[in-house]
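Below is one structure; the comments refer to it alone.
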Amino acid sequence: MKLFIQYLKPLFNRILKGFSVKFIGTIMDLFLPLILAYIIDSVIPTGNINRVLLWGGAMVICSILAVTLSIKANRMASSVAKDAVQVIRHDLYEKISYLSASQSDQYGSPSLISRLTSDTYNLHRTIGLMQRIGVRAPVLLIGGILMTVTLDPVLTLVMLGVLPFATVTVYYVSKKGVPLFDQLQQEVDRLVRTVRENITGARVIKALSKSEYEKVRFEGVNQRVVNAETKANQTMAATTPLMNLFLNLGLTFVVLTSAYRVNEGLIQPGVIIAFMTYFTIILNAMLSITRIFVLFSRGIASADRVYAILHTEPDLEVESIDRKDDSAHIRFDHVSFGYGKNPILEDIDFTLNKGETLGIIGATGSGKTTIMKLLLRLYDPDDGIIRINGMNVNSMNLKELHTKFGVAFQKDFLYADTLSENIDFGRDLSQKEILKSTESAQAKEFIDSLNSGLKHRLTPKGTNLSGGQKQRVLLSRALAGDPEILLLDDSSSALDYKTDSKLRKALTEQYQDTTTIMIAQRISSIQQADQIIMLDKGRIIGKGTHEELLRNSEPYREIYRNQSGGEEIA
Ligand SMILES: Nc1ncnc2c1ncn2[C@@H]1O[C@H](COP(=O)(O)OP(=O)(O)OP(=O)(O)O)[C@@H](O)[C@H]1O
């Protein structure tokens, strides 16, 4: 609700105008049966054709006004909904892009995507429909009852006798229906997730001949959607026939009572016709009000989901300046960290001087990438301090901090644009800088072999490139703009030994001032590093140069032996 208030408040005047137009149009609708009753009972008996034409004309004018004003009001409602949701979507997108990594982990990407897409779509529908039927239905209900009271209070009492049954039906059905639609929405979410997994993993599924298995899995999820939909619709399907039953019962009572009252000379035929029309209008208005309840409860659920993101408090505040004189460029000072309760990194301690290279090697899941994430301040350490040029990273402006880095992560993404745009990444780099980076990243040769060179367009996620080509483009992006600090997470694993060695040579020669942290699976990729740390279960179990580790670390020696095909170490 708070979300609606926040975003609809600035549009209040437009909403009020739309409501007024809708109100007048609905009143016109309400007058039609009354005029008809007047024509039948009071104008036709006089035999004055001019008066008949005059009142007939009044009916036509009322009808035209009712339709025109309703169309106008509906357009105004759509425009308000569109503008409100555009701002909500903008704010939500902006907020999502500034969520910290741990907050994004907490919500999960599928949930963030569905809040930005299907929830905002629900909000659009709710805001639009609430304006369209939110005025019309209550006005028709209350106005209809008032009209019937003025026409014949006794018949109104007969009609009101049926309304409690209709009200109970509406209440009961909507109470049961809303949770069923919620459940349906959850099943649809599950279906979307399964489809997304299948499409993303299409190659693996085919390669492992798991298509049949996936088909069966999809059928299961699909069946659950069908079941949920059937259950929800069957429950809701009872509404209209039951309301029709009450309508017809009510009409029967009204006709019976009217017949008696006509005989007694207490009522005229025109009033009966008008009464029946009002009765139908009133019951339809009640049905619309049910729809409002169903829709509104859905809209409120979506609004709450969107509101929760919009009001997520920032958890990576820039803290007060904490600077120390430090000759090291990067310092990890006894850093420990865990994503949840379990420790992932413990007592990580190292320093790197400007222009030096640190190699990190270790088993899968030992915490190598996490070290980089902490340096980028995607997360804050639980213990210890990380400094760059003596400055605690938690006291640095995040934007400023991130401009220092060139990064290539394992699963980095390429988007559907030209190679040049993918490398530039919105930094307005010069052509010279881009060319230098492609040369160093050993990407120049394959880019030159493409017809359109750097203008070559990639498909989404760069699926029209080979694994090695993708890695070289990502490396070019990391190197472009001569970053102060370069973070390479297993970025040469898809390169052959010769290209890998050319890359290392280029890094040493062309990026002497860049401090580099390089995660690698192959010792040959980090052998020349000024310092290598070996991680095991989040702890440093070996630190030094390649030669020092060969001398002092048995696990390192073993990896080296395995990777060099059992070659003896001198
Ligand atoms: N966002 C996250 N939330 C919770 N746990 C995480 C998250 N990211 C990583 N982890 C866990 O932290 C541990 C270390 O992960 P990290 O990615 O740092 O390992 P790694 O050494 O780089 O592994 P690899 O060689 O496979 O890339 C793993 O057990 C992983 O499951």
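Chain lettering (A, B, ...) mirrors the order of the structure tokens, residue numbering begins at 1 for each chain separately, and ligand numbering begins at 1 in order of display.
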
Note to self: Could you go through segment 207-419 of chain A and tell me which residues DSSP, when run on the backbone, assigns to helix (DSSP H, G or I), listing them as a count of residues only?
What the structure shows: 113

Show me which residues are within 9 Å of ligand 1 counting only C-alpha atoms and all ligand atoms, and format the list as a JSON list (two decimals) with C-alpha atoms, in the first residue's frame.
```json
[["chain", "number", "residue", "atom", "x", "y", "z"],
["A", 101, "ALA", "CA", 26.64, -8.55, -3.55],
["A", 102, "SER", "CA", 25.37, -10.09, -0.30],
["A", 104, "SER", "CA", 21.76, -9.75, -4.29],
["A", 105, "ASP", "CA", 22.71, -13.22, -2.98],
["A", 106, "GLN", "CA", 19.95, -12.94, -0.40],
["A", 338, "GLY", "CA", 32.47, -16.08, 5.67],
["A", 339, "TYR", "CA", 29.40, -15.66, 3.44],
["A", 340, "GLY", "CA", 27.24, -16.97, 6.23],
["A", 342, "ASN", "CA", 30.89, -20.84, 7.93],
["A", 343, "PRO", "CA", 34.35, -19.30, 7.62],
["A", 344, "ILE", "CA", 35.55, -19.21, 4.00],
["A", 345, "LEU", "CA", 38.80, -17.32, 4.50],
["A", 361, "ILE", "CA", 46.66, -21.36, -6.53],
["A", 362, "GLY", "CA", 44.51, -23.79, -4.61],
["A", 363, "ALA", "CA", 41.78, -26.39, -4.79],
["A", 364, "THR", "CA", 38.28, -25.67, -6.02],
["A", 365, "GLY", "CA", 36.31, -23.79, -3.40],
["A", 366, "SER", "CA", 39.38, -22.88, -1.35],
["A", 367, "GLY", "CA", 38.42, -19.18, -1.41],
["A", 368, "LYS", "CA", 40.58, -17.79, -4.23],
["A", 369, "THR", "CA", 37.85, -15.74, -5.91],
["A", 370, "THR", "CA", 36.61, -14.56, -2.52],
["A", 371, "ILE", "CA", 39.93, -12.78, -1.96],
["A", 372, "MET", "CA", 39.28, -10.75, -5.11],
["A", 373, "LYS", "CA", 35.69, -10.04, -4.09],
["A", 410, "GLN", "CA", 35.59, -16.84, -14.56],
["A", 489, "ASP", "CA", 40.42, -15.11, -12.16],
["A", 490, "ASP", "CA", 41.50, -18.19, -14.06],
["A", 519, "ILE", "CA", 44.26, -16.95, -9.94],
["A", 520, "ALA", "CA", 45.39, -19.96, -11.94],
["A", 521, "GLN", "CA", 45.00, -23.70, -12.09],
["A", 535, "LEU", "CA", 45.27, -21.74, -0.42],
["A", 536, "ASP", "CA", 43.65, -24.72, 1.21],
["A", 537, "LYS", "CA", 40.20, -24.50, 2.81],
["A", 538, "GLY", "CA", 40.50, -20.74, 3.17]]
```

Next item on the list: Considering only C-alpha atoms, state which residue in the set A:Ala416, A:Leu247, A:Leu429, A:Leu180 is at the smallest distance from Ala228 of chain A.
Entry: A:Leu180

Next item on the list: Pick out each residue of segment 406-487 of chain A that DSSP on the backbone tags as strand (DSSP E); I need them as a PyMOL selection string.
Entry: chain A and resi 406-408+485-487

Contacts of Phe405 of chain A at 7 Å (only C-alpha atoms; same-chain gap of 3+ positions) as a PDB file with N, CA and C atoms, in the first residue's frame:
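Final output, saved to part.pdb:
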```
ATOM      1  N   HIS A 402      36.321   1.249  -7.529  1.00  0.00           N
ATOM      2  CA  HIS A 402      36.181   0.329  -8.663  1.00  0.00           C
ATOM      3  C   HIS A 402      36.865   0.818  -9.938  1.00  0.00           C
ATOM      4  N   PRO A 483      44.641  -0.434 -16.125  1.00  0.00           N
ATOM      5  CA  PRO A 483      44.156  -0.318 -14.750  1.00  0.00           C
ATOM      6  C   PRO A 483      45.298  -0.269 -13.738  1.00  0.00           C
ATOM      7  N   GLU A 484      44.995   0.321 -12.585  1.00  0.00           N
ATOM      8  CA  GLU A 484      45.998   0.383 -11.503  1.00  0.00           C
ATOM      9  C   GLU A 484      46.186  -1.025 -10.912  1.00  0.00           C
ATOM     10  N   ILE A 485      45.074  -1.757 -10.822  1.00  0.00           N
ATOM     11  CA  ILE A 485      45.132  -3.125 -10.283  1.00  0.00           C
ATOM     12  C   ILE A 485      44.397  -4.059 -11.248  1.00  0.00           C
ATOM     13  N   LEU A 486      45.041  -5.176 -11.544  1.00  0.00           N
ATOM     14  CA  LEU A 486      44.440  -6.121 -12.485  1.00  0.00           C
ATOM     15  C   LEU A 486      44.097  -7.413 -11.742  1.00  0.00           C
TER      16      LEU A 486
END
```

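Near Leu507 of chain A, within a cut-off of 7 Å and counting only C-alpha atoms, sit the residues Ser440, Leu503 and Tyr511 of chain A, with same-chain residues fewer than 4 positions away left out.
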
Next item on the list: For Leu65 of chain A, list every protein, DNA or RNA residue within 10 Å, evaluated using only C-alpha atoms, and leave out those in the same chain fewer than 3 positions away; present the list as a VMD selection string.
Entry: chain A and resid 24 to 29 59 to 62 68 to 71

Item checked: Nearest residue to Tyr497 of chain A from the set A:His124, A:Ala480, A:Ser525, A:Leu157 (distances using only C-alpha atoms) ->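 Going through A:His124, A:Ala480, A:Ser525, A:Leu157 one by one, the smallest distance to Tyr497 of chain A is for A:Ser525.
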